[in-house]
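Pasting entry.csv here (CSV, C-alpha atoms and all ligand atoms):
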chain,number,residue,atom,x,y,z
A,1,MET,CA,3.6,-5.1,7.7
A,2,LYS,CA,2.2,-6.0,11.1
A,3,ARG,CA,4.4,-5.4,14.1
A,4,SER,CA,4.2,-9.1,15.0
A,5,GLU,CA,5.5,-10.0,11.5
A,6,ILE,CA,8.5,-7.6,11.8
A,7,THR,CA,9.6,-8.9,15.1
A,8,GLY,CA,9.3,-12.5,13.8
A,9,TYR,CA,6.7,-13.5,16.4
A,10,SER,CA,4.2,-16.1,15.3
A,11,ARG,CA,0.6,-15.4,16.2
A,12,ARG,CA,0.9,-18.2,18.8
A,13,SER,CA,4.0,-16.8,20.5
A,14,TRP,CA,2.5,-13.3,20.5
A,15,LEU,CA,-0.6,-14.7,22.4
A,16,VAL,CA,1.6,-16.6,24.8
A,17,GLY,CA,3.7,-13.5,25.5
A,18,GLY,CA,0.6,-11.5,26.0
A,19,LEU,CA,-0.8,-14.0,28.5
A,20,VAL,CA,2.4,-13.8,30.5
A,21,SER,CA,2.9,-10.1,30.5
A,22,SER,CA,-0.5,-8.5,30.8
A,23,ALA,CA,-3.5,-9.2,32.9
A,24,SER,CA,-5.7,-7.0,30.6
A,25,LEU,CA,-4.4,-8.9,27.6
A,26,LEU,CA,-5.2,-12.2,29.4
A,27,SER,CA,-8.8,-11.2,29.8
A,28,GLY,CA,-8.9,-10.2,26.1
A,29,CYS,CA,-7.6,-13.5,25.0
A,30,LEU,CA,-10.1,-15.4,27.2
A,31,ALA,CA,-12.8,-13.3,25.7
A,32,GLU,CA,-11.7,-14.4,22.3
A,33,ALA,CA,-11.7,-18.0,23.4
A,34,LYS,CA,-15.3,-17.8,24.6
A,35,PRO,CA,-17.2,-15.6,22.1
A,36,LYS,CA,-20.4,-14.0,23.3
A,37,PRO,CA,-23.7,-15.4,22.0
A,38,PRO,CA,-24.8,-13.8,18.7
A,39,ALA,CA,-28.0,-12.5,20.2
A,40,ALA,CA,-26.1,-10.4,22.8
A,41,ALA,CA,-23.7,-9.1,20.2
A,42,SER,CA,-26.4,-8.0,17.8
A,43,LYS,CA,-27.9,-5.6,20.3
A,44,SER,CA,-24.7,-3.6,20.6
A,45,PRO,CA,-24.2,-0.5,18.3
A,46,ILE,CA,-20.4,-1.1,18.4
A,47,PRO,CA,-19.0,-4.2,16.6
A,48,PRO,CA,-18.2,-6.7,19.4
A,49,LEU,CA,-14.6,-7.3,18.4
A,50,PRO,CA,-12.3,-7.5,21.4
A,51,LYS,CA,-9.2,-7.4,19.2
A,52,LEU,CA,-10.4,-4.3,17.4
A,53,ALA,CA,-11.1,-2.7,20.8
A,54,ARG,CA,-7.5,-3.3,21.9
A,55,ALA,CA,-6.1,-2.0,18.7
A,56,LEU,CA,-8.1,1.2,19.1
A,57,ALA,CA,-7.7,1.8,22.8
A,58,GLY,CA,-6.5,5.4,22.4
A,59,THR,CA,-4.0,5.0,25.2
A,60,HIS,CA,-0.7,5.9,23.5
A,61,LYS,CA,1.7,7.6,25.9
A,62,ILE,CA,4.2,10.4,25.2
A,63,VAL,CA,7.7,9.1,25.3
A,64,PRO,CA,10.1,11.5,27.1
A,65,LEU,CA,13.2,12.8,25.3
A,66,PRO,CA,16.0,10.3,25.7
A,67,PHE,CA,18.5,13.2,26.2
A,68,LYS,CA,18.6,16.7,27.6
A,69,ALA,CA,17.1,19.1,25.2
A,70,SER,CA,20.0,21.5,25.9
A,71,SER,CA,22.6,18.9,25.1
A,72,LEU,CA,22.6,18.9,21.3
A,73,HIS,CA,25.1,20.7,19.0
A,74,ASP,CA,23.7,23.5,16.9
A,75,LEU,CA,20.1,22.5,17.6
A,76,SER,CA,18.7,24.7,20.3
A,77,GLU,CA,16.9,23.6,23.5
A,78,LYS,CA,13.9,25.7,22.6
A,79,LEU,CA,13.7,24.0,19.2
A,80,ILE,CA,14.0,20.5,20.5
A,81,GLN,CA,11.6,21.1,23.4
A,82,SER,CA,9.0,22.7,21.2
A,83,HIS,CA,9.4,19.9,18.6
A,84,HIS,CA,8.9,17.2,21.3
A,85,ASP,CA,6.2,18.9,23.4
A,86,LYS,CA,4.1,20.4,20.7
A,87,ASN,CA,4.5,18.6,17.4
A,88,TYR,CA,5.3,15.0,18.6
A,89,ALA,CA,3.0,15.2,21.7
A,90,GLY,CA,0.3,16.7,19.6
A,91,ALA,CA,0.4,13.7,17.2
A,92,VAL,CA,0.1,11.3,20.2
A,93,LYS,CA,-3.0,13.2,21.4
A,94,LYS,CA,-4.6,13.3,18.0
A,95,LEU,CA,-3.9,9.5,17.5
A,96,ASN,CA,-5.6,8.7,20.8
A,97,ASP,CA,-8.5,10.9,19.9
A,98,VAL,CA,-9.1,9.4,16.4
A,99,GLU,CA,-8.7,5.9,17.7
A,100,SER,CA,-11.4,6.6,20.3
A,101,LYS,CA,-13.7,8.0,17.7
A,102,ILE,CA,-13.3,4.9,15.5
A,103,ALA,CA,-13.9,2.6,18.4
A,104,GLN,CA,-17.2,4.3,19.2
A,105,LEU,CA,-18.6,4.5,15.7
A,106,PRO,CA,-22.1,3.2,15.5
A,107,LYS,CA,-22.9,0.4,13.0
A,108,GLU,CA,-24.8,2.7,10.7
A,109,THR,CA,-21.8,5.0,10.1
A,110,PRO,CA,-21.2,5.7,6.4
A,111,ALA,CA,-18.1,4.0,5.0
A,112,TYR,CA,-16.6,7.4,3.9
A,113,VAL,CA,-16.7,8.6,7.5
A,114,LEU,CA,-14.8,5.5,8.6
A,115,GLY,CA,-12.4,6.0,5.7
A,116,GLY,CA,-11.5,9.5,6.7
A,117,LEU,CA,-10.9,8.5,10.3
A,118,LYS,CA,-8.7,5.6,9.3
A,119,GLN,CA,-6.6,7.8,7.0
A,120,SER,CA,-6.1,10.2,9.9
A,121,ALA,CA,-5.2,7.3,12.2
A,122,LEU,CA,-2.6,6.0,9.8
A,123,THR,CA,-1.1,9.5,9.5
A,124,PHE,CA,-0.9,10.1,13.2
A,125,GLN,CA,0.4,6.6,14.0
A,126,ASN,CA,3.2,7.0,11.5
A,127,SER,CA,4.0,10.5,12.8
A,128,VAL,CA,4.2,9.1,16.3
A,129,THR,CA,6.4,6.1,15.3
A,130,LEU,CA,8.8,8.2,13.2
A,131,HIS,CA,9.1,11.0,15.8
A,132,GLU,CA,10.0,8.5,18.5
A,133,ALA,CA,12.6,6.9,16.2
A,134,TYR,CA,13.9,10.4,15.3
A,135,PHE,CA,14.4,11.5,18.9
A,136,ALA,CA,15.9,8.1,19.8
A,137,ASN,CA,18.6,8.4,17.1
A,138,LEU,CA,19.7,11.9,18.3
A,139,GLY,CA,21.9,12.7,21.3
A,140,GLY,CA,25.1,11.1,20.0
A,141,THR,CA,28.5,12.1,18.8
A,142,GLY,CA,27.7,11.9,15.1
A,143,LYS,CA,30.5,9.4,14.5
A,144,ALA,CA,29.5,6.1,12.9
A,145,SER,CA,31.4,3.0,14.0
A,146,SER,CA,33.5,1.2,11.4
A,147,ALA,CA,31.0,-1.7,11.5
A,148,MET,CA,28.2,0.7,10.7
A,149,GLN,CA,30.2,2.4,7.9
A,150,ASN,CA,31.0,-1.0,6.4
A,151,ALA,CA,27.3,-2.0,6.5
A,152,ILE,CA,26.4,1.2,4.6
A,153,ALA,CA,29.3,0.8,2.2
A,154,GLN,CA,27.9,-2.7,1.2
A,155,SER,CA,24.8,-0.9,-0.2
A,156,TYR,CA,26.2,2.4,-1.3
A,157,GLY,CA,29.9,1.8,-2.2
A,158,ASP,CA,31.3,3.9,0.6
A,159,TYR,CA,30.0,5.8,3.6
A,160,ALA,CA,30.9,9.3,2.3
A,161,THR,CA,28.8,8.7,-0.9
A,162,TRP,CA,25.8,7.5,1.1
A,163,GLU,CA,26.1,10.5,3.5
A,164,GLN,CA,26.0,12.9,0.5
A,165,HIS,CA,23.1,11.0,-0.9
A,166,PHE,CA,21.1,11.1,2.4
A,167,GLN,CA,21.8,14.8,2.9
A,168,ALA,CA,20.8,15.6,-0.7
A,169,CYS,CA,17.5,13.8,0.0
A,170,GLY,CA,17.0,16.1,3.0
A,171,SER,CA,17.8,19.2,0.9
A,172,SER,CA,15.3,18.1,-1.7
A,173,LEU,CA,12.6,18.6,1.0
A,174,SER,CA,13.7,22.1,1.8
A,175,GLY,CA,10.6,24.4,1.9
A,176,GLY,CA,8.4,21.3,1.9
A,177,SER,CA,7.9,18.6,4.5
A,178,GLY,CA,8.6,15.0,5.0
A,179,TRP,CA,11.2,12.5,6.3
A,180,VAL,CA,14.5,10.9,5.1
A,181,ILE,CA,14.9,7.4,6.3
A,182,LEU,CA,17.8,4.9,6.1
A,183,SER,CA,16.0,1.5,6.5
A,184,TYR,CA,16.7,-2.2,6.3
A,185,ASP,CA,14.8,-3.6,3.3
A,186,PHE,CA,13.5,-7.1,4.2
A,187,VAL,CA,12.8,-7.9,0.6
A,188,HIS,CA,16.3,-7.3,-0.8
A,189,ARG,CA,18.1,-7.7,2.5
A,190,SER,CA,20.0,-4.5,2.0
A,191,LEU,CA,19.9,-0.9,3.2
A,192,SER,CA,17.6,1.7,1.5
A,193,THR,CA,17.5,5.5,1.7
A,194,ASP,CA,14.0,6.9,1.2
A,195,ARG,CA,12.6,10.3,0.8
A,196,LEU,CA,9.0,10.7,2.2
A,197,ALA,CA,6.9,13.7,1.3
A,198,ASN,CA,4.5,12.9,4.2
A,199,HIS,CA,4.0,10.6,7.1
A,200,THR,CA,2.6,7.7,5.1
A,201,GLN,CA,5.1,7.1,2.4
A,202,THR,CA,7.4,4.6,4.2
A,203,LEU,CA,8.9,1.8,2.2
A,204,SER,CA,6.8,-1.4,2.6
A,205,SER,CA,8.6,-4.3,4.3
A,206,SER,CA,11.3,-2.1,5.8
A,207,TYR,CA,12.6,-1.3,9.3
A,208,PRO,CA,13.7,2.2,10.0
A,209,LEU,CA,17.4,2.6,11.1
A,210,LEU,CA,18.1,6.3,10.9
A,211,VAL,CA,15.2,8.8,10.8
A,212,MET,CA,15.5,12.5,9.9
A,213,ASP,CA,12.6,14.8,10.3
A,214,MET,CA,12.3,17.4,7.4
A,215,TYR,CA,9.1,19.1,8.5
A,216,GLU,CA,9.8,22.8,8.9
A,217,HIS,CA,9.0,22.6,12.6
A,218,SER,CA,12.2,20.5,13.1
A,219,TYR,CA,14.5,23.4,12.0
A,220,HIS,CA,12.8,26.7,11.1
A,221,MET,CA,13.1,28.1,14.6
A,222,ASP,CA,16.9,27.8,14.4
A,223,TYR,CA,17.7,28.1,10.8
A,224,GLY,CA,14.7,29.7,9.0
A,225,PRO,CA,14.5,28.4,5.5
A,226,ALA,CA,18.2,27.1,5.5
A,227,ALA,CA,17.3,23.4,5.7
A,228,ASP,CA,20.8,22.4,4.5
A,229,ARG,CA,22.3,23.9,7.7
A,230,TYR,CA,19.9,21.9,9.8
A,231,VAL,CA,20.8,18.7,8.0
A,232,LYS,CA,24.5,19.3,8.8
A,233,ALA,CA,23.5,19.9,12.5
A,234,PHE,CA,21.4,16.7,12.5
A,235,PHE,CA,24.4,14.7,11.4
A,236,GLN,CA,26.5,16.1,14.2
A,237,ASN,CA,24.1,14.7,16.7
A,238,ILE,CA,23.3,11.2,15.4
A,239,GLN,CA,23.3,8.5,18.0
A,240,TRP,CA,24.9,5.8,15.8
A,241,ASP,CA,24.9,3.2,18.6
A,242,VAL,CA,21.1,3.2,18.4
A,243,VAL,CA,21.2,2.9,14.6
A,244,GLU,CA,23.6,0.0,14.8
A,245,GLN,CA,21.4,-1.8,17.4
A,246,ARG,CA,18.4,-1.3,15.1
A,247,LEU,CA,20.3,-2.9,12.2
A,248,GLU,CA,21.2,-5.9,14.2
A,249,LYS,CA,17.5,-6.3,15.2
A,250,ALA,CA,16.5,-6.0,11.6
A,251,LYS,CA,18.9,-8.7,10.5
A,252,LYS,CA,17.7,-11.1,13.1
A,253,ALA,CA,14.1,-10.4,12.1
A,254,ALA,CA,15.0,-11.0,8.4
A,255,SER,CA,16.5,-14.4,9.3
A,256,ALA,CA,13.3,-15.3,11.2
A,257,LEU,CA,11.0,-14.1,8.4
A,258,LEU,CA,12.7,-15.5,5.3
B,301,FE,FE,8.5,16.6,13.6

Do you think you could lay out the structure here as structure tokens?
Ligand SMILES: [Fe+2]
Amino acid sequence: MKRSEITGYSRRSWLVGGLVSSASLLSGCLAEAKPKPPAAASKSPIPPLPKLARALAGTHKIVPLPFKASSLHDLSEKLIQSHHDKNYAGAVKKLNDVESKIAQLPKETPAYVLGGLKQSALTFQNSVTLHEAYFANLGGTGKASSAMQNAIAQSYGDYATWEQHFQACGSSLSGGSGWVILSYDFVHRSLSTDRLANHTQTLSSSYPLLVMDMYEHSYHMDYGPAADRYVKAFFQNIQWDVVEQRLEKAKKAASALL
């Protein structure tokens, strides 16, 4: 699902917003309004698509940790800092690199070469998105508000049952790699808990609310192979206020979409 579709923006409102907020976007929109003559475009080895160029700018920035790396309970500063600075930041750099490569492909590039790069771009983009959501939903007290517990209970019977289910999904990835995500499912207008074996298995038409990294780099430094202990530590540090804000945004988006 496109970002503009998730946020409920129409194409027109997206363009208007872009015109107001960004000079560079303004020039891009004007370029779209006045396409170059075909003769000039045909001489370029790169497809003359301004929208494609913006989408593949390779300018993603590393988002700082939203909390002190030393402030979490039972997750060490060294682990959190390494996870952010090496694994997450590495994904941002790889995403920028692969986008730049795609943007500069000559016209005669074989389709399989483009296919491989596009697969890598999707993997790195999802890794970046999920890592940013993961760090943003850490740094809290681990105590869900009654409103959030009630929202979960509507889909899972009661909060405790869902917590066991979510944690069991995490344990099922022990020794492997992936993510566990509580998301808002726009199709069924309910919550969903999903187990991802890699970066690209997210539920279609969903918005992530609570994201738990289960790649070994997220816990092995502190807990070795004891993934269950990491899952318990993760729950002690959930920033539920952020999760609740995401749920409210998802409900508004659902109302606009459906
Ligand atoms: Fe990670």

Residues of chain A at most 12 Å from ligand FE 301 (chain B): nearest atom pair and distance in Å, all atoms listed in the file, as JSON lines:
{"residue": "A:Leu79", "atom": "CA", "partner": "B:FE301", "partner_atom": "FE", "distance": 10.6}
{"residue": "A:Ile80", "atom": "CA", "partner": "B:FE301", "partner_atom": "FE", "distance": 9.6}
{"residue": "A:Gln81", "atom": "CA", "partner": "B:FE301", "partner_atom": "FE", "distance": 11.2}
{"residue": "A:Ser82", "atom": "CA", "partner": "B:FE301", "partner_atom": "FE", "distance": 9.8}
{"residue": "A:His83", "atom": "CA", "partner": "B:FE301", "partner_atom": "FE", "distance": 6.1}
{"residue": "A:His84", "atom": "CA", "partner": "B:FE301", "partner_atom": "FE", "distance": 7.7}
{"residue": "A:Asp85", "atom": "CA", "partner": "B:FE301", "partner_atom": "FE", "distance": 10.3}
{"residue": "A:Lys86", "atom": "CA", "partner": "B:FE301", "partner_atom": "FE", "distance": 9.2}
{"residue": "A:Asn87", "atom": "CA", "partner": "B:FE301", "partner_atom": "FE", "distance": 5.9}
{"residue": "A:Tyr88", "atom": "CA", "partner": "B:FE301", "partner_atom": "FE", "distance": 6.1}
{"residue": "A:Ala89", "atom": "CA", "partner": "B:FE301", "partner_atom": "FE", "distance": 9.9}
{"residue": "A:Gly90", "atom": "CA", "partner": "B:FE301", "partner_atom": "FE", "distance": 10.2}
{"residue": "A:Ala91", "atom": "CA", "partner": "B:FE301", "partner_atom": "FE", "distance": 9.3}
{"residue": "A:Val92", "atom": "CA", "partner": "B:FE301", "partner_atom": "FE", "distance": 11.9}
{"residue": "A:Phe124", "atom": "CA", "partner": "B:FE301", "partner_atom": "FE", "distance": 11.4}
{"residue": "A:Asn126", "atom": "CA", "partner": "B:FE301", "partner_atom": "FE", "distance": 11.2}
{"residue": "A:Ser127", "atom": "CA", "partner": "B:FE301", "partner_atom": "FE", "distance": 7.6}
{"residue": "A:Val128", "atom": "CA", "partner": "B:FE301", "partner_atom": "FE", "distance": 9.1}
{"residue": "A:Thr129", "atom": "CA", "partner": "B:FE301", "partner_atom": "FE", "distance": 10.8}
{"residue": "A:Leu130", "atom": "CA", "partner": "B:FE301", "partner_atom": "FE", "distance": 8.4}
{"residue": "A:His131", "atom": "CA", "partner": "B:FE301", "partner_atom": "FE", "distance": 6.0}
{"residue": "A:Glu132", "atom": "CA", "partner": "B:FE301", "partner_atom": "FE", "distance": 9.6}
{"residue": "A:Ala133", "atom": "CA", "partner": "B:FE301", "partner_atom": "FE", "distance": 10.8}
{"residue": "A:Tyr134", "atom": "CA", "partner": "B:FE301", "partner_atom": "FE", "distance": 8.4}
{"residue": "A:Phe135", "atom": "CA", "partner": "B:FE301", "partner_atom": "FE", "distance": 9.4}
{"residue": "A:Ser177", "atom": "CA", "partner": "B:FE301", "partner_atom": "FE", "distance": 9.3}
{"residue": "A:Gly178", "atom": "CA", "partner": "B:FE301", "partner_atom": "FE", "distance": 8.7}
{"residue": "A:Trp179", "atom": "CA", "partner": "B:FE301", "partner_atom": "FE", "distance": 8.8}
{"residue": "A:Val180", "atom": "CA", "partner": "B:FE301", "partner_atom": "FE", "distance": 11.9}
{"residue": "A:Asn198", "atom": "CA", "partner": "B:FE301", "partner_atom": "FE", "distance": 10.9}
{"residue": "A:His199", "atom": "CA", "partner": "B:FE301", "partner_atom": "FE", "distance": 9.9}
{"residue": "A:Val211", "atom": "CA", "partner": "B:FE301", "partner_atom": "FE", "distance": 10.7}
{"residue": "A:Met212", "atom": "CA", "partner": "B:FE301", "partner_atom": "FE", "distance": 8.9}
{"residue": "A:Asp213", "atom": "CA", "partner": "B:FE301", "partner_atom": "FE", "distance": 5.6}
{"residue": "A:Met214", "atom": "CA", "partner": "B:FE301", "partner_atom": "FE", "distance": 7.3}
{"residue": "A:Tyr215", "atom": "CA", "partner": "B:FE301", "partner_atom": "FE", "distance": 5.7}
{"residue": "A:Glu216", "atom": "CA", "partner": "B:FE301", "partner_atom": "FE", "distance": 7.9}
{"residue": "A:His217", "atom": "CA", "partner": "B:FE301", "partner_atom": "FE", "distance": 6.1}
{"residue": "A:Ser218", "atom": "CA", "partner": "B:FE301", "partner_atom": "FE", "distance": 5.4}
{"residue": "A:Tyr219", "atom": "CA", "partner": "B:FE301", "partner_atom": "FE", "distance": 9.2}
{"residue": "A:His220", "atom": "CA", "partner": "B:FE301", "partner_atom": "FE", "distance": 11.3}

Legend entry - Nearest candidate to Lys93 in chain A (options A:Glu108, A:Gly116, A:Gly224, A:Gly58; using all atoms listed in the file):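 Nearest to Lys93 in chain A: A:Gly58.
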
Inset, instruction - Compare A:Leu173, A:Leu196, A:Leu209, A:Ala153 by their minimum atom-to-atom distance to Asp228 in chain A, counting all atoms listed in the file, and give me the closest one. - result: A:Leu173

Inset, instruction - Can you work out the spacing between CA of Thr123 in chain A and CA of Ala256 in chain A in Å, to one decimal? - result: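 Separation of CA of Thr123 in chain A and CA of Ala256 in chain A: 28.7 Å.
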
Legend entry - Pick from A:Val187, A:Val243, A:Ile152, A:Leu72 nearest to Leu257 in chain A, counting all atoms listed in the file: A:Val187

Legend entry - Using all atoms listed in the file: which of A:Ser120, A:Ser76, A:Gln125, A:Gln245 has the shortest distance to His60 in chain A: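 Going through A:Ser120, A:Ser76, A:Gln125, A:Gln245 one by one, the smallest distance to His60 in chain A is for A:Gln125.
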
Legend entry - Gly139 in chain A surroundings by all atoms listed in the file, 12 Å radius, close-in-sequence under 5 positions cut, as a list in words: Leu65, Pro66, Phe67, Lys68, Ala69, Ser70, Ser71, Leu72, His73, Asp74, Leu75, Ile80, Tyr134, Ala233, Phe234, Phe235, Gln236, Asn237, Ile238, Gln239, Trp240, Asp241, Val242 and Val243 of chain A

Legend entry - Expected residue set, 12 Å radius at (16.0, -6.5, 4.4), all atoms listed in the file, as JSON, numbers by chain: {"A": [6, 155, 182, 183, 184, 185, 186, 187, 188, 189, 190, 191, 192, 203, 204, 205, 206, 207, 208, 209, 247, 248, 249, 250, 251, 252, 253, 254, 255, 256, 257, 258]}

Keeping C-alpha atoms, export the residues of the selection given above as a compact mmCIF listing (two decimals), in the coordinates of the input.
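Output contents, as saved in part-v4.txt:
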# COMPACT_ATOMS: atom_id res chain seq x y z
CA ILE A 6 8.50 -7.60 11.80
CA SER A 155 24.80 -0.90 -0.20
CA LEU A 182 17.80 4.90 6.10
CA SER A 183 16.00 1.50 6.50
CA TYR A 184 16.70 -2.20 6.30
CA ASP A 185 14.80 -3.60 3.30
CA PHE A 186 13.50 -7.10 4.20
CA VAL A 187 12.80 -7.90 0.60
CA HIS A 188 16.30 -7.30 -0.80
CA ARG A 189 18.10 -7.70 2.50
CA SER A 190 20.00 -4.50 2.00
CA LEU A 191 19.90 -0.90 3.20
CA SER A 192 17.60 1.70 1.50
CA LEU A 203 8.90 1.80 2.20
CA SER A 204 6.80 -1.40 2.60
CA SER A 205 8.60 -4.30 4.30
CA SER A 206 11.30 -2.10 5.80
CA TYR A 207 12.60 -1.30 9.30
CA PRO A 208 13.70 2.20 10.00
CA LEU A 209 17.40 2.60 11.10
CA LEU A 247 20.30 -2.90 12.20
CA GLU A 248 21.20 -5.90 14.20
CA LYS A 249 17.50 -6.30 15.20
CA ALA A 250 16.50 -6.00 11.60
CA LYS A 251 18.90 -8.70 10.50
CA LYS A 252 17.70 -11.10 13.10
CA ALA A 253 14.10 -10.40 12.10
CA ALA A 254 15.00 -11.00 8.40
CA SER A 255 16.50 -14.40 9.30
CA ALA A 256 13.30 -15.30 11.20
CA LEU A 257 11.00 -14.10 8.40
CA LEU A 258 12.70 -15.50 5.30

Inset, instruction - Give the answer as one residue: which of A:Gln119, A:Gln167, A:Thr141, A:Ser174 has the shortest atom-to-atom distance to Leu95 in chain A, using all atoms listed in the file? - result: A:Gln119

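Atom to atom, CA of Trp162 in chain A and CA of Gly175 in chain A stand 22.7 Å apart.
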